[in-house]
Structures are given as C-alpha cells and as structure tokens.
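Scroll down for the structure; my scribbles are underneath it.
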Amino acid sequence: MARIEGVNLPANKRVEYGLTYVFGVGLSSSRNILKHVNIDPNKRVKDLSDHEVALIQKEISAHHLVEGELRKEITMNIKRLQEIGSYRGLRHKRGLPVRGQRTKTNARTRKGPRKQPVALKRKVTKK
C-alpha cells in the first residue's frame, strides 16, 4: 500500500485515479504528475516500487499545495475575507450561499435543515 502525503492510496486502483485520493490532486494534475515522473498511468498502485512512490511524493511536495497546507490556505483566505468585512466574508460568517445563489428556496445545503416555526403562544390573563 502506497502512502503519499499522509494518505493511503487504494491498492487495486490505477495510479492516476489513486492519486486523486490526496486532497488537492485532481485527475488532470494526477496525469501531469505521472507524465512528469515518467510513470505509466495504467499501472496499479500495488505494482508501484518504493522508488516510484518516492518520485511521486517528491514531485507532489515540490510543485503542488496539498492536504494540510491547502486546507490551511483555504481557511486563511476565508478568514481574511471575514476580517476585511467583504460581502463574501459576511456570507461565509452567516452560513449562507457565497456565490450569488438564491436563498428564498434551494439553499438548504448551506442553511441546514429547516427550522420549524413556533406556534403563537398566548399568555392566559386572569380577570
């Protein structure tokens, strides 16, 4: 089992698809990495030698922002938007859609489950 950037790659998958399990590596960047280190993309992860895994690891760490570093950069960008008080930062802070989607309907992914309306409670007054 190959371990790259702290992620265990699935052994039975082809290398080009196995690399996409690393956060920040998609299919196109996976293919670019394999082309750069001259490894056949049709090869299975379990068939990689230790030398090939080391080459892939070296290429990713040298030229790509992945896993913890990428997550940290994304959160820092969101935090910066919130601190400067931009519109996008406010939307992030309030948990609403950021990219201009409508919120009257269809915003359940960002807003969470519907809140049930509380029925009007009238206080009983004594005469």
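By convention here, the chains of the structure tokens are called A, B, ... in the order presented, each chain's residues are numbered starting at 1, and ligands are numbered starting at 1 in the order presented.
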
Next item on the list: Tell me, as a list in words, which residues lie within 6 Å of stretch 6-23 of chain A, counting only C-alpha atoms; anything in the same chain fewer than 4 positions away does not count.
Entry: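 My reading of the contact set: Met1, Ala2, Ser30, Arg31, Pro41, Asn42, Lys43, Arg44, Val45, Lys46, Val66 and Glu67 of chain A.
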
Print the selection's residues with N, CA and C atoms to a file, as a PDB file, in the first residue's frame.
ATOM      1  N   MET A   1       0.846  -1.179   0.000  1.00  0.00           N
ATOM      2  CA  MET A   1       0.000   0.000   0.000  1.00  0.00           C
ATOM      3  C   MET A   1       0.896   1.249   0.000  1.00  0.00           C
ATOM      4  N   ALA A   2       0.641   2.133  -0.951  1.00  0.00           N
ATOM      5  CA  ALA A   2       1.441   3.351  -1.070  1.00  0.00           C
ATOM      6  C   ALA A   2       0.861   4.438  -0.163  1.00  0.00           C
ATOM      7  N   SER A  30      -3.105  14.836 -11.491  1.00  0.00           N
ATOM      8  CA  SER A  30      -2.568  13.497 -11.318  1.00  0.00           C
ATOM      9  C   SER A  30      -1.867  13.028 -12.592  1.00  0.00           C
ATOM     10  N   ARG A  31      -2.502  13.255 -13.725  1.00  0.00           N
ATOM     11  CA  ARG A  31      -1.905  12.868 -15.004  1.00  0.00           C
ATOM     12  C   ARG A  31      -0.633  13.667 -15.276  1.00  0.00           C
ATOM     13  N   PRO A  41       0.345   5.656 -16.362  1.00  0.00           N
ATOM     14  CA  PRO A  41      -0.879   5.889 -15.584  1.00  0.00           C
ATOM     15  C   PRO A  41      -1.761   4.652 -15.454  1.00  0.00           C
ATOM     16  N   ASN A  42      -1.550   3.643 -16.322  1.00  0.00           N
ATOM     17  CA  ASN A  42      -2.366   2.427 -16.265  1.00  0.00           C
ATOM     18  C   ASN A  42      -1.873   1.435 -15.215  1.00  0.00           C
ATOM     19  N   LYS A  43      -0.723   1.699 -14.641  1.00  0.00           N
ATOM     20  CA  LYS A  43      -0.156   0.830 -13.616  1.00  0.00           C
ATOM     21  C   LYS A  43      -1.019   0.890 -12.354  1.00  0.00           C
ATOM     22  N   ARG A  44      -1.107  -0.224 -11.651  1.00  0.00           N
ATOM     23  CA  ARG A  44      -1.864  -0.267 -10.396  1.00  0.00           C
ATOM     24  C   ARG A  44      -0.999   0.244  -9.243  1.00  0.00           C
ATOM     25  N   VAL A  45      -1.654   0.781  -8.217  1.00  0.00           N
ATOM     26  CA  VAL A  45      -0.925   1.330  -7.070  1.00  0.00           C
ATOM     27  C   VAL A  45      -0.101   0.244  -6.388  1.00  0.00           C
ATOM     28  N   LYS A  46      -0.654  -0.987  -6.301  1.00  0.00           N
ATOM     29  CA  LYS A  46       0.069  -2.067  -5.621  1.00  0.00           C
ATOM     30  C   LYS A  46       1.334  -2.494  -6.381  1.00  0.00           C
ATOM     31  N   VAL A  66      -0.970  20.624  -1.222  1.00  0.00           N
ATOM     32  CA  VAL A  66      -1.935  19.562  -0.950  1.00  0.00           C
ATOM     33  C   VAL A  66      -2.166  19.396   0.543  1.00  0.00           C
ATOM     34  N   GLU A  67      -3.215  18.637   0.857  1.00  0.00           N
ATOM     35  CA  GLU A  67      -3.595  18.243   2.215  1.00  0.00           C
ATOM     36  C   GLU A  67      -3.613  19.403   3.212  1.00  0.00           C
TER      37      GLU A  67
END

Please list as a PDB file with N, CA, C and O atoms, in the first residue's frame every residue within 12 Å of A:Ile78, counting only C-alpha atoms and excluding residues in the same chain fewer than 2 positions away.
ATOM      1  N   ARG A  71      -5.572  23.078   2.952  1.00  0.00           N
ATOM      2  CA  ARG A  71      -6.711  23.363   3.841  1.00  0.00           C
ATOM      3  C   ARG A  71      -6.450  24.631   4.660  1.00  0.00           C
ATOM      4  O   ARG A  71      -7.339  25.458   4.853  1.00  0.00           O
ATOM      5  N   LYS A  72      -5.208  24.786   5.136  1.00  0.00           N
ATOM      6  CA  LYS A  72      -4.856  25.962   5.929  1.00  0.00           C
ATOM      7  C   LYS A  72      -4.978  27.229   5.089  1.00  0.00           C
ATOM      8  O   LYS A  72      -5.493  28.240   5.548  1.00  0.00           O
ATOM      9  N   GLU A  73      -4.513  27.168   3.837  1.00  0.00           N
ATOM     10  CA  GLU A  73      -4.593  28.331   2.963  1.00  0.00           C
ATOM     11  C   GLU A  73      -6.045  28.709   2.671  1.00  0.00           C
ATOM     12  O   GLU A  73      -6.391  29.894   2.666  1.00  0.00           O
ATOM     13  N   ILE A  74      -6.899  27.718   2.455  1.00  0.00           N
ATOM     14  CA  ILE A  74      -8.313  27.984   2.181  1.00  0.00           C
ATOM     15  C   ILE A  74      -8.972  28.651   3.384  1.00  0.00           C
ATOM     16  O   ILE A  74      -9.683  29.653   3.244  1.00  0.00           O
ATOM     17  N   THR A  75      -8.714  28.113   4.607  1.00  0.00           N
ATOM     18  CA  THR A  75      -9.317  28.723   5.793  1.00  0.00           C
ATOM     19  C   THR A  75      -8.776  30.126   6.044  1.00  0.00           C
ATOM     20  O   THR A  75      -9.521  31.005   6.481  1.00  0.00           O
ATOM     21  N   MET A  76      -7.489  30.344   5.739  1.00  0.00           N
ATOM     22  CA  MET A  76      -6.917  31.685   5.913  1.00  0.00           C
ATOM     23  C   MET A  76      -7.546  32.675   4.927  1.00  0.00           C
ATOM     24  O   MET A  76      -7.794  33.836   5.277  1.00  0.00           O
ATOM     25  N   ARG A  80      -9.579  35.924   6.054  1.00  0.00           N
ATOM     26  CA  ARG A  80      -9.215  37.255   5.562  1.00  0.00           C
ATOM     27  C   ARG A  80     -10.448  37.989   5.025  1.00  0.00           C
ATOM     28  O   ARG A  80     -10.663  39.167   5.323  1.00  0.00           O
ATOM     29  N   LEU A  81     -11.280  37.285   4.265  1.00  0.00           N
ATOM     30  CA  LEU A  81     -12.497  37.904   3.731  1.00  0.00           C
ATOM     31  C   LEU A  81     -13.419  38.366   4.857  1.00  0.00           C
ATOM     32  O   LEU A  81     -14.038  39.424   4.777  1.00  0.00           O
ATOM     33  N   GLN A  82     -13.497  37.568   5.929  1.00  0.00           N
ATOM     34  CA  GLN A  82     -14.355  37.930   7.061  1.00  0.00           C
ATOM     35  C   GLN A  82     -13.794  39.135   7.802  1.00  0.00           C
ATOM     36  O   GLN A  82     -14.549  40.022   8.204  1.00  0.00           O
ATOM     37  N   GLU A  83     -12.479  39.188   7.959  1.00  0.00           N
ATOM     38  CA  GLU A  83     -11.869  40.285   8.717  1.00  0.00           C
ATOM     39  C   GLU A  83     -11.982  41.621   8.002  1.00  0.00           C
ATOM     40  O   GLU A  83     -12.173  42.654   8.645  1.00  0.00           O
ATOM     41  N   ILE A  84     -11.866  41.620   6.665  1.00  0.00           N
ATOM     42  CA  ILE A  84     -11.964  42.895   5.953  1.00  0.00           C
ATOM     43  C   ILE A  84     -13.410  43.317   5.756  1.00  0.00           C
ATOM     44  O   ILE A  84     -13.676  44.422   5.308  1.00  0.00           O
ATOM     45  N   GLY A  85     -14.342  42.420   6.114  1.00  0.00           N
ATOM     46  CA  GLY A  85     -15.756  42.781   6.065  1.00  0.00           C
ATOM     47  C   GLY A  85     -16.344  42.791   4.675  1.00  0.00           C
ATOM     48  O   GLY A  85     -17.298  43.521   4.406  1.00  0.00           O
ATOM     49  N   SER A  86     -15.798  41.994   3.778  1.00  0.00           N
ATOM     50  CA  SER A  86     -16.340  41.954   2.422  1.00  0.00           C
ATOM     51  C   SER A  86     -17.672  41.220   2.415  1.00  0.00           C
ATOM     52  O   SER A  86     -18.033  40.508   3.359  1.00  0.00           O
ATOM     53  N   TYR A  87     -18.405  41.369   1.331  1.00  0.00           N
ATOM     54  CA  TYR A  87     -19.701  40.722   1.189  1.00  0.00           C
ATOM     55  C   TYR A  87     -19.555  39.208   1.280  1.00  0.00           C
ATOM     56  O   TYR A  87     -20.300  38.534   1.983  1.00  0.00           O
ATOM     57  N   ARG A  88     -18.545  38.677   0.578  1.00  0.00           N
ATOM     58  CA  ARG A  88     -18.316  37.236   0.617  1.00  0.00           C
ATOM     59  C   ARG A  88     -17.980  36.766   2.030  1.00  0.00           C
ATOM     60  O   ARG A  88     -18.399  35.685   2.463  1.00  0.00           O
ATOM     61  N   GLY A  89     -17.215  37.569   2.761  1.00  0.00           N
ATOM     62  CA  GLY A  89     -16.870  37.217   4.129  1.00  0.00           C
ATOM     63  C   GLY A  89     -18.089  37.170   5.026  1.00  0.00           C
ATOM     64  O   GLY A  89     -18.216  36.288   5.880  1.00  0.00           O
ATOM     65  N   LEU A  90     -19.003  38.130   4.842  1.00  0.00           N
ATOM     66  CA  LEU A  90     -20.242  38.141   5.626  1.00  0.00           C
ATOM     67  C   LEU A  90     -21.091  36.914   5.328  1.00  0.00           C
ATOM     68  O   LEU A  90     -21.695  36.328   6.221  1.00  0.00           O
ATOM     69  N   ARG A  91     -21.155  36.519   4.052  1.00  0.00           N
ATOM     70  CA  ARG A  91     -21.934  35.339   3.674  1.00  0.00           C
ATOM     71  C   ARG A  91     -21.320  34.080   4.310  1.00  0.00           C
ATOM     72  O   ARG A  91     -22.054  33.212   4.788  1.00  0.00           O
ATOM     73  N   HIS A  92     -19.989  33.999   4.336  1.00  0.00           N
ATOM     74  CA  HIS A  92     -19.336  32.864   4.994  1.00  0.00           C
ATOM     75  C   HIS A  92     -19.684  32.860   6.480  1.00  0.00           C
ATOM     76  O   HIS A  92     -19.990  31.811   7.050  1.00  0.00           O
ATOM     77  N   LYS A  93     -19.610  34.030   7.112  1.00  0.00           N
ATOM     78  CA  LYS A  93     -19.841  34.138   8.541  1.00  0.00           C
ATOM     79  C   LYS A  93     -21.266  33.729   8.914  1.00  0.00           C
ATOM     80  O   LYS A  93     -21.494  33.072   9.924  1.00  0.00           O
ATOM     81  N   VAL A  98     -22.455  31.783  -0.918  1.00  0.00           N
ATOM     82  CA  VAL A  98     -21.469  32.828  -1.133  1.00  0.00           C
ATOM     83  C   VAL A  98     -21.472  33.337  -2.569  1.00  0.00           C
ATOM     84  O   VAL A  98     -21.178  34.488  -2.826  1.00  0.00           O
TER      85      VAL A  98
END

Checklist line | Separation of atom CA of A:Arg110 from atom CA of A:Leu96 in Å | finding: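 Between atom CA of A:Leu96 and atom CA of A:Arg110 the gap is 5.5 Å.
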
Check: Which is closest to A:Val25 among A:Ile39, A:Ala119, A:Leu48, A:Leu70, if we use only C-alpha atoms?
Finding: A:Leu70

Margin query: Among stretch 66-115 of chain A, which ones does DSSP assign to alpha helix (DSSP H) (computed from the backbone)? Answer as a count of residues only.
Written below: 30
